[in-house]
Amino acid sequence: MSFSFLLTALRRYGYVAALFLIAGLTAGLIAAAAVPKTYESSAHLVIETAAGVETDPIDGESYVQLRLPTYVEFAKSSAVLSEARQRLGQGMAAGDLSANVEFSVPADTAILTVTATWSTPEGAADLANAVSGAFGDLVQPWDTRTGGNQTVEATVLELAGPGQAPATATLIPLAVGSVLGLTAGLLLALWLAWRDPVAHKLEEIAEAGNTKILAVIPGVYKTSHALRNHLKTARLASLGTTYAGLFSRLGLGGPRTRSNILTVASTGEGFDAAAVAWGLARTATASGMHCVMVSGNSEVQEYLTEQQSTAASDTKETPVVLPPVAVPHPGRGVVSNVLLGQALGNLRVRADLVLLVGQAIGTDADVRGYLDFSGAVVLTIHDHPTALSIQSAAMLVEESGADLLGVVVTSGNDSGIRMLDHRPAEHVLEGATS
């Protein structure tokens with residue numbers, strides 16, 4: 001899985017991940033509210049010797065430190081817990097209390113901390129105080145050294161106050177719910193992106209081809225809803241939406257020391273490349289340039305010839321469409337840059353712009369010859385392309401050593417060239433978006 005695929009999934013289906021995250025947080029809140037709350041309260045006792053004998057080899061502090069683990073075990077005993085139960089006046093066995101009480105001794109201290117948990121704040125405090133009081137009363141008679149008068153006493157340093165619910169009681173369900181929800185949302189977004197390979201947005205098209213969007217041209221076929229959305233995006237991004245704008249972005253009208261030679265091909269089936277090439281040719285002719293169009297594909301040849309005949313009735317200056325015999329095809333072979341060079345070298349007309357027109361770059365074998373000859377290509381893409389088709393086309397261009405100038409997004413309807421709108425692009429744009 002590539003990083004670009006992850007970005008595409010997040011951009012396209014990020015709302016799914018957001019919805020699952022919200023659902024996970026909501027489930028966590030419900031779980032936190034449904035689980036009975038437990039309150040925690042602590043009491044602290046200091047353990048020290050009540051009296052000492054000067055001749056005793058073990059002083060009082062050392063004695064207490066050595067005995068601390070024993071005091072903790074004594075605090076857990078049934079004798080202390082039974083006494084605490086009687087003080088509480090509740091009908092609970094000492095064994096039941098042991099599950100609600102914990103004992104600890106902070107490092108380098110002689111302080112015993114009694115931590116109690118209960119279903120109410122007051123209950124937690126009462127239990128902690130009852131256990132600490134029972135321990136304080138029982139530890140002195142229980143631990144009197146044999147042969148001496150040194151005794152131990154436990155003094156309550158701090159009584160337990162009303163208990164508080166630990167923050168983790170709410171945070172843990174929220175954290176678990178949010179992590180599970182976000183993970184499920186991301187996995188679903190990735191799955192949806194994998195199941196939907198179409199590049200819906202201009203950014204996705206550009207990412208798939210690792211190139212830029214040159215223009216969004218309407219009117220090649222019937223304008224679709226997706227293309228109208230592309231047109232809005234193109235306007236916001238200041239992309240060209242006319243053939244004149246595309247012509248300018250490609251720099252075809254600038255001064256040149258030699259003829260401009262450009263290959264126009266498509267990433268899929270259809271006649272988008274032929275239509276875009278014709279639009280560029282008409283713009284070049286209207287700009288005072290002489291344009292020659294070449295194609296070895298019979299269907300593209302037929303289309304270009306029809307366009308030339310239609311344009312000839314409106315204006316005297318039309319692009320020159322070379323007939324099939326002008327570029328000899330080597331039998332079942334592929335048109336090479338040698339044959340193209342010979343054909344263009346034999347031209348008896350001026351050629352300020354030469355457009356080599358192909359169909360699908362992956363299936364039209366002649367396109368490779370066009371790329372080798374021109375060294376520059378413009379890809380046309382319909383408005384529902386798959387990311388894989390764009391990536392494959394860009395890879396073929398890169399392998400040929402040609403320069404991918406960018407992509408032109410058109411409407412994508414493979415119903416045939418008869419639906420082509422012959423009006424100027426500016427008029428088509430007005431009609432498509434009105």
# chains A, B, ... in the order shown; residues from 1 in each chain; ligands from 1
$ select_by_dssp --residues "range 176-379 of chain A" --states "alpha helix (DSSP H)" --output "VMD selection string"
chain A and resid 176 to 195 202 to 209 225 to 236 243 to 249 272 to 286 298 to 312 337 to 345 366 to 374
$ select_by_dssp --residues "range 188-308 of chain A" --states "strand (DSSP E or B)" --output "list of chain:residue names"
A:Val198, A:Ile213, A:Leu214, A:Ala215, A:Val216, A:Gly240, A:Asn260, A:Ile261, A:Leu262, A:Thr263, A:Val264, A:Ala265, A:Ser266, A:Cys291, A:Val292, A:Met293, A:Val294
$ write_last_selection --atoms "N, CA, C and O atoms" --output "compact mmCIF listing (two decimals), in the first residue's frame"
# COMPACT_ATOMS: atom_id res chain seq x y z
N VAL A 198 -11.69 4.24 -9.09
CA VAL A 198 -11.84 5.41 -9.94
C VAL A 198 -11.23 6.63 -9.25
O VAL A 198 -11.42 6.85 -8.06
N ILE A 213 -2.44 18.82 -13.96
CA ILE A 213 -3.64 18.96 -14.78
C ILE A 213 -3.45 20.19 -15.65
O ILE A 213 -3.28 21.30 -15.15
N LEU A 214 -3.48 19.99 -16.95
CA LEU A 214 -3.31 21.11 -17.88
C LEU A 214 -4.61 21.87 -18.10
O LEU A 214 -4.62 23.09 -18.17
N ALA A 215 -5.70 21.14 -18.23
CA ALA A 215 -6.98 21.78 -18.52
C ALA A 215 -8.11 20.79 -18.28
O ALA A 215 -7.88 19.58 -18.22
N VAL A 216 -9.29 21.34 -18.13
CA VAL A 216 -10.52 20.54 -18.06
C VAL A 216 -11.40 21.03 -19.20
O VAL A 216 -11.91 22.15 -19.16
N GLY A 240 -7.06 25.82 -17.12
CA GLY A 240 -7.71 26.14 -18.36
C GLY A 240 -8.97 25.32 -18.58
O GLY A 240 -9.01 24.14 -18.26
N ASN A 260 7.03 22.84 -33.69
CA ASN A 260 6.54 22.20 -32.47
C ASN A 260 5.97 20.84 -32.83
O ASN A 260 5.13 20.73 -33.73
N ILE A 261 6.43 19.80 -32.17
CA ILE A 261 5.94 18.45 -32.42
C ILE A 261 5.43 17.90 -31.10
O ILE A 261 6.15 17.86 -30.11
N LEU A 262 4.19 17.47 -31.10
CA LEU A 262 3.55 17.04 -29.86
C LEU A 262 2.70 15.81 -30.12
O LEU A 262 1.97 15.73 -31.11
N THR A 263 2.79 14.82 -29.22
CA THR A 263 1.94 13.64 -29.28
C THR A 263 0.76 13.82 -28.35
O THR A 263 0.93 14.25 -27.20
N VAL A 264 -0.43 13.51 -28.83
CA VAL A 264 -1.64 13.55 -28.02
C VAL A 264 -2.23 12.14 -28.02
O VAL A 264 -2.55 11.59 -29.07
N ALA A 265 -2.32 11.54 -26.83
CA ALA A 265 -2.84 10.18 -26.70
C ALA A 265 -3.77 10.12 -25.50
O ALA A 265 -3.81 11.03 -24.67
N SER A 266 -4.50 9.01 -25.40
CA SER A 266 -5.49 8.86 -24.34
C SER A 266 -5.08 7.73 -23.40
O SER A 266 -4.29 6.85 -23.76
N CYS A 291 -0.71 24.11 -39.09
CA CYS A 291 -0.72 22.90 -38.27
C CYS A 291 -0.92 21.67 -39.16
O CYS A 291 -1.76 21.67 -40.06
N VAL A 292 -0.14 20.64 -38.87
CA VAL A 292 -0.24 19.38 -39.58
C VAL A 292 -0.57 18.30 -38.56
O VAL A 292 0.06 18.23 -37.49
N MET A 293 -1.54 17.45 -38.90
CA MET A 293 -1.97 16.39 -38.01
C MET A 293 -1.69 15.03 -38.65
O MET A 293 -1.95 14.83 -39.84
N VAL A 294 -1.15 14.11 -37.83
CA VAL A 294 -0.77 12.80 -38.33
C VAL A 294 -1.35 11.73 -37.41
O VAL A 294 -1.27 11.86 -36.18
$ closest_residue --among "A:Gly14, A:Gly185, A:Gly133, A:Gly177" --to "Ala160 in chain A" --atoms "only C-alpha atoms"
A:Gly133
